[in-house]
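Printed here is protein-v5.txt (compact mmCIF, C-alpha atoms and all ligand atoms):
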```
# COMPACT_ATOMS: atom_id res chain seq x y z
CA MET A 1 -7.45 -5.37 -1.29
CA THR A 2 -4.22 -3.44 -1.47
CA GLN A 3 -2.29 -1.23 0.89
CA ILE A 4 -1.38 2.15 -0.61
CA GLU A 5 1.74 4.05 0.37
CA ARG A 6 2.95 7.37 -0.99
CA VAL A 7 6.75 7.11 -1.00
CA THR A 8 7.59 10.44 -2.70
CA ASP A 9 5.46 13.28 -4.11
CA ASP A 10 4.67 11.40 -7.31
CA VAL A 11 5.44 7.76 -6.54
CA TYR A 12 3.00 5.34 -4.92
CA VAL A 13 3.37 1.71 -3.91
CA PHE A 14 0.47 -0.77 -3.82
CA THR A 15 0.94 -3.95 -1.82
CA SER A 16 -1.36 -6.96 -2.23
CA GLU A 17 -3.09 -8.20 0.89
CA LEU A 18 -4.32 -11.23 -1.04
CA TYR A 19 -1.09 -12.81 -2.28
CA ALA A 20 2.45 -12.84 -0.82
CA GLN A 21 2.65 -9.07 -0.32
CA VAL A 22 3.46 -8.62 -3.99
CA THR A 23 3.96 -4.96 -4.93
CA ALA A 24 3.07 -2.63 -7.77
CA GLY A 25 3.79 1.06 -8.28
CA VAL A 26 2.47 4.23 -9.83
CA ILE A 27 4.69 7.05 -11.07
CA ASN A 28 2.54 10.06 -11.77
CA THR A 29 3.55 12.82 -14.19
CA ARG A 30 1.79 15.87 -15.61
CA LEU A 31 1.14 13.93 -18.81
CA GLY A 32 -0.20 10.74 -17.25
CA ALA A 33 0.90 7.84 -15.09
CA ILE A 34 3.24 4.89 -15.46
CA VAL A 35 2.25 1.69 -13.65
CA VAL A 36 4.99 -0.74 -12.59
CA ASP A 37 3.54 -4.26 -12.39
CA THR A 38 -0.14 -4.97 -12.00
CA LEU A 39 -0.70 -7.45 -9.11
CA PRO A 40 -2.28 -10.90 -9.49
CA TYR A 41 -6.01 -10.26 -9.16
CA PRO A 42 -8.16 -8.11 -11.48
CA SER A 43 -9.87 -6.54 -8.44
CA GLU A 44 -6.48 -5.26 -7.22
CA ALA A 45 -5.49 -3.91 -10.64
CA ARG A 46 -8.84 -2.11 -10.80
CA GLU A 47 -8.03 -0.47 -7.45
CA ILE A 48 -4.80 0.91 -8.93
CA LYS A 49 -6.58 2.17 -12.05
CA GLU A 50 -9.33 3.84 -10.01
CA TYR A 51 -6.75 5.43 -7.71
CA VAL A 52 -4.94 6.95 -10.69
CA GLU A 53 -8.17 8.22 -12.26
CA SER A 54 -10.05 9.49 -9.22
CA HIS A 55 -7.38 10.42 -6.62
CA LEU A 56 -4.67 11.60 -8.97
CA SER A 57 -7.01 12.81 -11.75
CA SER A 58 -4.60 11.20 -14.18
CA ARG A 59 -4.67 8.30 -16.61
CA VAL A 60 -2.40 5.34 -17.12
CA ARG A 61 -0.26 5.83 -20.22
CA TYR A 62 2.26 3.02 -19.75
CA VAL A 63 2.39 -0.28 -17.89
CA ILE A 64 5.77 -1.85 -17.19
CA ASN A 65 5.91 -5.64 -16.67
CA THR A 66 9.07 -6.28 -14.61
CA HIS A 67 9.00 -10.02 -15.44
CA TYR A 68 6.55 -12.64 -16.69
CA HIS A 69 5.46 -14.20 -13.36
CA GLY A 70 1.66 -14.18 -12.96
CA ASP A 71 1.60 -12.38 -9.61
CA HIS A 72 3.20 -9.36 -11.32
CA VAL A 73 1.34 -9.31 -14.65
CA TYR A 74 -2.17 -10.80 -14.41
CA GLY A 75 -3.73 -7.37 -13.78
CA THR A 76 -2.25 -5.91 -16.99
CA HIS A 77 -5.39 -6.52 -19.11
CA ILE A 78 -7.30 -4.05 -16.87
CA PHE A 79 -5.23 -1.14 -18.24
CA THR A 80 -6.80 -0.96 -21.67
CA GLY A 81 -5.37 1.85 -23.75
CA ALA A 82 -1.97 1.83 -22.02
CA GLN A 83 1.19 0.76 -23.83
CA VAL A 84 2.89 -2.20 -22.16
CA ILE A 85 6.70 -2.25 -21.85
CA SER A 86 8.98 -5.13 -20.85
CA HIS A 87 12.22 -6.91 -21.65
CA GLU A 88 12.01 -8.92 -24.89
CA LEU A 89 12.47 -12.13 -22.86
CA THR A 90 9.34 -11.28 -20.85
CA ARG A 91 7.33 -11.04 -24.05
CA GLN A 92 8.68 -14.41 -25.17
CA ARG A 93 8.02 -16.06 -21.80
CA LEU A 94 4.51 -14.61 -21.56
CA SER A 95 3.58 -16.04 -24.95
CA THR A 96 4.68 -19.56 -23.96
CA THR A 97 5.08 -20.42 -20.26
CA GLY A 98 2.85 -17.49 -19.28
CA VAL A 99 -0.12 -18.74 -21.29
CA GLU A 100 0.27 -22.28 -19.93
CA GLY A 101 0.65 -21.03 -16.35
CA LEU A 102 -2.49 -18.92 -16.61
CA ALA A 103 -4.59 -21.89 -17.73
CA LEU A 104 -3.43 -23.77 -14.63
CA ALA A 105 -3.96 -20.78 -12.33
CA LYS A 106 -7.51 -20.33 -13.66
CA SER A 107 -8.32 -23.93 -12.78
CA GLU A 108 -7.24 -23.16 -9.20
CA SER A 109 -8.83 -19.72 -8.71
CA SER A 110 -12.16 -18.51 -10.08
CA GLU A 111 -11.08 -14.91 -9.39
CA LEU A 112 -8.72 -15.21 -12.35
CA SER A 113 -11.37 -16.32 -14.86
CA SER A 114 -11.40 -12.97 -16.72
CA VAL A 115 -7.58 -12.64 -16.90
CA LYS A 116 -5.96 -12.45 -20.34
CA ILE A 117 -2.26 -12.43 -21.07
CA VAL A 118 -1.28 -9.12 -22.67
CA LEU A 119 1.85 -9.22 -24.81
CA PRO A 120 3.95 -6.06 -24.36
CA GLN A 121 4.02 -3.77 -27.41
CA ILE A 122 7.35 -2.14 -26.53
CA THR A 123 10.36 -4.31 -25.64
CA PHE A 124 14.13 -3.94 -25.34
CA ASP A 125 16.73 -6.69 -25.34
CA SER A 126 20.05 -5.21 -24.36
CA GLY A 127 21.42 -2.73 -21.86
CA SER A 128 18.86 -0.33 -20.54
CA PHE A 129 15.80 1.51 -21.78
CA ARG A 130 14.81 5.07 -20.96
CA LEU A 131 11.24 6.28 -20.81
CA ARG A 132 10.43 9.99 -20.58
CA LEU A 133 6.99 11.28 -19.75
CA GLY A 134 5.77 14.61 -18.37
CA GLY A 135 9.16 15.73 -17.09
CA LYS A 136 10.04 12.40 -15.48
CA SER A 137 12.78 10.09 -16.62
CA ILE A 138 12.57 6.38 -15.85
CA VAL A 139 15.38 3.90 -16.51
CA LEU A 140 14.73 0.18 -17.03
CA ASN A 141 17.67 -2.17 -16.48
CA HIS A 142 17.95 -5.89 -17.15
CA SER A 143 18.42 -7.68 -13.81
CA PRO A 144 18.36 -11.45 -14.39
CA GLY A 145 18.63 -14.16 -11.72
CA HIS A 146 15.20 -14.54 -10.09
CA SER A 147 14.13 -15.32 -13.65
CA GLU A 148 16.13 -14.47 -16.75
CA ASP A 149 13.82 -11.66 -17.89
CA VAL A 150 13.63 -9.47 -14.75
CA ILE A 151 14.09 -5.71 -15.09
CA THR A 152 14.40 -3.03 -12.43
CA VAL A 153 12.82 0.42 -12.75
CA LEU A 154 14.62 3.53 -11.50
CA VAL A 155 12.74 6.81 -11.15
CA GLU A 156 15.54 9.32 -11.68
CA GLY A 157 15.33 12.49 -9.63
CA GLU A 158 13.39 10.85 -6.78
CA GLN A 159 15.85 7.92 -6.88
CA VAL A 160 13.11 5.40 -6.15
CA LEU A 161 14.12 1.93 -7.30
CA PHE A 162 11.53 -0.70 -8.12
CA ALA A 163 13.78 -3.75 -7.77
CA SER A 164 11.13 -6.34 -8.76
CA ASP A 165 11.89 -9.88 -7.53
CA THR A 166 15.65 -9.28 -7.66
CA VAL A 167 15.01 -8.10 -4.11
CA MET A 168 12.53 -9.91 -1.88
CA PRO A 169 12.66 -10.98 1.79
CA VAL A 170 13.93 -14.42 0.71
CA PRO A 171 15.95 -14.15 -2.53
CA PHE A 172 14.48 -16.83 -4.81
CA PHE A 173 16.13 -18.33 -7.89
CA PRO A 174 14.63 -21.74 -8.91
CA ASP A 175 13.23 -20.21 -12.12
CA GLY A 176 16.54 -18.43 -12.73
CA ASP A 177 20.16 -18.67 -11.72
CA ILE A 178 21.88 -18.03 -8.36
CA LYS A 179 25.06 -16.58 -9.92
CA GLN A 180 23.12 -14.14 -12.07
CA LEU A 181 21.03 -13.13 -9.08
CA MET A 182 24.19 -12.39 -7.07
CA LYS A 183 25.50 -10.26 -9.93
CA SER A 184 22.21 -8.36 -10.22
CA LEU A 185 22.19 -7.74 -6.45
CA GLU A 186 25.77 -6.45 -6.69
CA ASN A 187 24.63 -4.02 -9.40
CA ILE A 188 21.96 -2.70 -7.03
CA GLN A 189 24.47 -2.59 -4.19
CA ALA A 190 26.73 -0.35 -6.30
CA MET A 191 23.99 2.29 -6.51
CA SER A 192 22.39 1.63 -3.13
CA SER A 193 23.71 4.68 -1.30
CA LYS A 194 21.77 6.94 -3.68
CA VAL A 195 18.45 5.07 -3.47
CA THR A 196 15.82 6.83 -1.33
CA ASN A 197 13.23 4.06 -1.43
CA LEU A 198 13.78 0.50 -2.59
CA VAL A 199 10.55 -1.22 -3.56
CA GLN A 200 10.95 -4.99 -3.30
CA GLY A 201 8.93 -7.31 -5.55
CA HIS A 202 7.32 -8.60 -2.35
CA GLY A 203 7.20 -7.14 1.14
CA ALA A 204 7.93 -3.80 2.77
CA VAL A 205 9.58 -0.77 1.15
CA ILE A 206 13.22 -0.42 2.28
CA LEU A 207 14.18 3.12 3.19
CA ARG A 208 17.33 5.15 2.60
CA GLY A 209 19.94 4.22 5.15
CA GLU A 210 18.79 0.60 5.26
CA VAL A 211 19.20 -0.24 1.57
CA THR A 212 22.92 -1.03 1.51
CA GLY A 213 22.75 -3.30 4.58
CA TYR A 214 19.65 -5.04 3.26
CA ILE A 215 21.26 -5.87 -0.09
CA GLU A 216 24.43 -7.03 1.65
CA LYS A 217 22.33 -9.45 3.71
CA GLN A 218 20.72 -10.79 0.53
CA ILE A 219 24.08 -11.49 -1.09
CA LYS A 220 25.29 -13.15 2.11
CA TYR A 221 22.18 -15.36 2.14
CA LEU A 222 22.90 -16.59 -1.39
CA LYS A 223 26.55 -17.30 -0.55
CA THR A 224 25.50 -19.27 2.55
CA VAL A 225 22.99 -21.33 0.56
CA ASP A 226 25.57 -22.01 -2.15
CA SER A 227 28.27 -23.18 0.25
CA ALA A 228 25.84 -25.26 2.36
CA VAL A 229 24.72 -27.18 -0.73
CA ARG A 230 28.30 -27.69 -1.93
CA GLN A 231 29.37 -29.02 1.47
CA VAL A 232 26.50 -31.52 1.52
CA LEU A 233 27.44 -32.75 -1.97
CA LYS A 234 31.16 -32.95 -1.19
CA ARG A 235 30.47 -35.04 1.87
CA ARG A 236 27.94 -37.23 0.03
CA TYR A 237 25.27 -36.38 2.57
CA SER A 238 21.64 -36.89 1.63
CA LYS A 239 19.43 -34.07 0.41
CA LYS A 240 17.63 -34.24 3.75
CA SER A 241 20.71 -33.05 5.58
CA LEU A 242 20.15 -29.66 3.91
CA LEU A 243 17.41 -29.18 6.51
CA ARG A 244 20.17 -28.24 8.96
CA THR A 245 20.55 -25.00 7.04
CA ASP A 246 17.28 -23.70 8.46
CA LEU A 247 15.89 -20.16 8.39
CA ALA A 248 17.42 -19.25 11.75
CA SER A 249 20.89 -20.22 10.50
CA VAL A 250 20.52 -17.85 7.52
CA ASP A 251 19.07 -15.07 9.68
CA ILE A 252 15.62 -14.90 8.07
CA ASP A 253 12.47 -14.37 10.10
CA ARG A 254 10.07 -17.25 9.40
CA ALA A 255 7.07 -14.88 9.61
CA VAL A 256 8.02 -12.86 6.51
CA LEU A 257 5.72 -13.05 3.48
CA GLY A 258 2.88 -14.50 5.51
CA GLY A 259 4.86 -17.61 6.39
CA LEU A 260 6.10 -18.35 2.85
CA ALA A 261 9.76 -17.96 3.86
CA GLU A 262 10.29 -21.63 4.73
CA GLU A 263 8.87 -22.82 1.41
CA LEU A 264 10.98 -20.39 -0.63
CA HIS A 265 14.15 -21.19 1.31
CA TRP A 266 13.68 -24.93 0.92
CA GLY A 267 12.89 -24.44 -2.77
CA ASN A 268 16.27 -22.71 -3.18
CA LEU A 269 18.21 -25.45 -1.37
CA GLU A 270 16.53 -28.30 -3.18
CA CYS A 271 16.86 -26.71 -6.62
CA LEU A 272 20.54 -25.88 -6.15
CA TYR A 273 21.26 -29.40 -4.86
CA ASP A 274 19.68 -30.91 -7.99
CA ARG A 275 21.56 -28.51 -10.28
CA LEU A 276 24.98 -28.91 -8.66
CA LYS A 277 25.03 -32.63 -8.03
CA ARG A 278 26.42 -33.32 -11.50
CA TYR A 279 29.25 -30.83 -11.07
CA VAL A 280 30.45 -30.95 -7.47
CA LYS A 281 33.08 -33.61 -6.92
CA PRO A 282 32.76 -35.43 -3.58
CA TYR A 283 35.78 -35.60 -1.30
CA PRO A 284 37.61 -38.89 -1.97
CA SER A 285 36.32 -41.58 0.37
CA ARG A 286 38.85 -42.95 2.82
CA ARG A 287 40.04 -46.49 2.06
CA LEU A 288 41.74 -48.23 4.96
ZN ZN A 301 8.69 -13.55 -9.59
```
Structure translated into structure tokens:
Amino acid sequence: MTQIERVTDDVYVFTSELYAQVTAGVINTRLGAIVVDTLPYPSEAREIKEYVESHLSSRVRYVINTHYHGDHVYGTHIFTGAQVISHELTRQRLSTTGVEGLALAKSESSELSSVKIVLPQITFDSGSFRLRLGGKSIVLNHSPGHSEDVITVLVEGEQVLFASDTVMPVPFFPDGDIKQLMKSLENIQAMSSKVTNLVQGHGAVILRGEVTGYIEKQIKYLKTVDSAVRQVLKRRYSKKSLLRTDLASVDIDRAVLGGLAEELHWGNLECLYDRLKRYVKPYPSRRL
């Protein structure tokens, strides 16, 4: 089941009630619809397709995959006849890690048994990509960090930004890179005053007036995590001492994303600790 929200005249957001409040979108135009991400379960993707066909009397012309993670792309095979667009890195990741991940996911959930990986037919690998359809102009921008292939989708005119997993209630980078994620968040921050609705990859839509503060908080979270891990390594403390940097200390509500916040936050700390331990020099030990 999904929750459906109309954020502007022609833009709709679908939020999964089955998995981690992952989001998808529909941009309707007079020549057909563009779907942004397709949710994890075929039943949810079918809901989007039916909504476009029966409520909007339209048809899906394009599907955009914002990155290769299964919860954003497994529904893509439902949209037969649509052209699929992504970053070139997404296509590469889908054909390797994506195929392996799906086999594992199928062994864990029978609801995924009919899922097939669809390789995007249209890709871009540098800068941005513009898609025009039925009077609407959509701009896709590379936004690495959560994973290296993430793209954001801006609906010009309405100024709705689908930020994919560059923005989620707990910024998450173990499959990517914290520095790149900070840079990508700064890019969104630079345009944030113009954004009317920011659709996160997971969780609630952020409205105009709250976007700038929300992105600022995300960048601050990453800086806090980075310095907490560096301090622990400099002082030669054990990995366990990272637990002191709990959710309350980074100002994140533990109830967000159906209780997944703790797991994501710990995943960040642990991953950064393992990555930085080779590079961070401990303070010299005192010899008396
Ligand atoms: Zn993701």
Smallest atom-to-atom distance to Val36 (chain A): which of A:Thr152, A:Gln218, A:Gln189, A:Ser114, using all atoms listed in the file?
-> A:Thr152
Please give me, as JSON, numbers by chain, the residues lying within 8 Å of ligand ZN 301 (chain A) when counting all atoms listed in the file.
-> {"A": [67, 68, 69, 70, 71, 72, 146, 147, 164, 165, 201]}
Taking only C-alpha atoms into account, produce a table as a tab-separated table in which each residue of region 49-130 of chain A with an atom at most 8 Å from an atom of region 30-35 of chain A appears once, together with its shortest atom pair and the distance in Å to one decimal, ordered by chain and rising number.
```
residue	atom	partner	partner_atom	distance
A:Val52	CA	A:Ala33	CA	7.4
A:Ser58	CA	A:Gly32	CA	5.4
A:Arg59	CA	A:Gly32	CA	5.1
A:Val60	CA	A:Ala33	CA	4.6
A:Arg61	CA	A:Ala33	CA	5.6
A:Tyr62	CA	A:Ile34	CA	4.8
A:Val63	CA	A:Val35	CA	4.7
A:Ile64	CA	A:Val35	CA	6.1
```
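If you look at CA of Lys234 (chain A) and CA of Lys277 (chain A), they are 9.2 Å away from each other.
As for CA of Ala105 (chain A) and CA of Gln21 (chain A), they are spaced 18.0 Å apart.
Comparing the minimum interatomic distances between Thr23 (chain A) and each of A:Tyr214, A:Tyr221, A:Phe162, A:Phe129, counting all atoms listed in the file, we find that A:Phe162 sits nearest.
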List the neighbours of Tyr237 (chain A) out to 12 Å using all atoms listed in the file; skip same-chain residues closer than 4 positions along the sequence, and give me the result as a ChimeraX atom specification.
-> /A:228-233,241-244,273,277,282-283
Written selection (C-alpha atoms) as a short mmCIF file (atom, residue, chain, number, x, y, z; two decimals), in the frame of the given file:
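Saved file result_16.cif follows:
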```cif
data_model
loop_
_atom_site.label_atom_id
_atom_site.label_comp_id
_atom_site.auth_asym_id
_atom_site.auth_seq_id
_atom_site.Cartn_x
_atom_site.Cartn_y
_atom_site.Cartn_z
CA ALA A 228 25.84 -25.26 2.36
CA VAL A 229 24.72 -27.18 -0.73
CA ARG A 230 28.30 -27.69 -1.93
CA GLN A 231 29.37 -29.02 1.47
CA VAL A 232 26.50 -31.52 1.52
CA LEU A 233 27.44 -32.75 -1.97
CA SER A 241 20.71 -33.05 5.58
CA LEU A 242 20.15 -29.66 3.91
CA LEU A 243 17.41 -29.18 6.51
CA ARG A 244 20.17 -28.24 8.96
CA TYR A 273 21.26 -29.40 -4.86
CA LYS A 277 25.03 -32.63 -8.03
CA PRO A 282 32.76 -35.43 -3.58
CA TYR A 283 35.78 -35.60 -1.30
#
```
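Ranking A:Val115, A:Ile27, A:Ala190, A:Ala103 by their shortest atom-to-atom distance to Thr8 (chain A), with all atoms listed in the file included, puts A:Ile27 first.
The spacing separating CA of Ser193 (chain A) from CA of Leu131 (chain A) amounts to 23.2 Å.
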Extract, using all atoms listed in the file, all DNA, RNA and protein residues at most 9 Å from Asn268 (chain A), discarding same-chain residues fewer than 2 positions from it, and format them as a ChimeraX atom specification.
-> /A:171-174,178,225,263-266,270-273
With a distance cut-off of 8 Å and only C-alpha atoms, select the neighbouring residues of Asp125 (chain A), excluding the residue or stretch itself and same-chain residues fewer than 4 positions from it, and output the selection as a list in words.
-> His87, Glu88 and Leu89 of chain A
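Minimum atom-to-atom distances from A:Val211, A:Ile122, A:Leu269, A:Gly176 to Lys240 (chain A) were compared using all atoms listed in the file, and the lowest value belongs to A:Leu269.
Nearest to Val13 (chain A) of all the residues A:Ser57, A:Ser110, A:Ser238, A:Thr38 is A:Thr38, based on all atoms listed in the file.
If all atoms listed in the file are the atoms counted, then among A:Leu198, A:Val153, A:Ala82, A:Ala261 the closest residue to Ser137 (chain A) is A:Val153.
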Kindly add N, CA and C atoms to the incomplete region 140-151 of chain A and provide the output as a short mmCIF file (atom, residue, chain, number, x, y, z; two decimals), keeping the file's coordinate frame.
```cif
data_model
loop_
_atom_site.label_atom_id
_atom_site.label_comp_id
_atom_site.auth_asym_id
_atom_site.auth_seq_id
_atom_site.Cartn_x
_atom_site.Cartn_y
_atom_site.Cartn_z
N LEU A 140 14.97 1.62 -17.20
CA LEU A 140 14.73 0.18 -17.03
C LEU A 140 16.04 -0.56 -17.27
N ASN A 141 16.42 -1.41 -16.34
CA ASN A 141 17.67 -2.17 -16.48
C ASN A 141 17.42 -3.67 -16.38
N HIS A 142 18.06 -4.43 -17.24
CA HIS A 142 17.95 -5.89 -17.15
C HIS A 142 18.59 -6.35 -15.85
N SER A 143 17.95 -7.26 -15.13
CA SER A 143 18.42 -7.68 -13.81
C SER A 143 18.12 -9.17 -13.59
N PRO A 144 18.74 -10.03 -14.41
CA PRO A 144 18.36 -11.45 -14.39
C PRO A 144 18.81 -12.18 -13.12
N GLY A 145 18.22 -13.34 -12.88
CA GLY A 145 18.63 -14.16 -11.72
C GLY A 145 17.44 -14.80 -11.04
N HIS A 146 16.45 -13.98 -10.64
CA HIS A 146 15.20 -14.54 -10.09
C HIS A 146 14.50 -15.29 -11.22
N SER A 147 14.41 -14.65 -12.38
CA SER A 147 14.13 -15.32 -13.65
C SER A 147 14.96 -14.54 -14.67
N GLU A 148 15.13 -15.09 -15.86
CA GLU A 148 16.13 -14.47 -16.75
C GLU A 148 15.66 -13.15 -17.35
N ASP A 149 14.36 -12.84 -17.21
CA ASP A 149 13.82 -11.66 -17.89
C ASP A 149 13.61 -10.45 -16.97
N VAL A 150 13.96 -10.55 -15.69
CA VAL A 150 13.63 -9.47 -14.75
C VAL A 150 14.28 -8.14 -15.15
N ILE A 151 13.52 -7.06 -14.97
CA ILE A 151 14.09 -5.71 -15.09
C ILE A 151 13.79 -4.91 -13.82
#
```
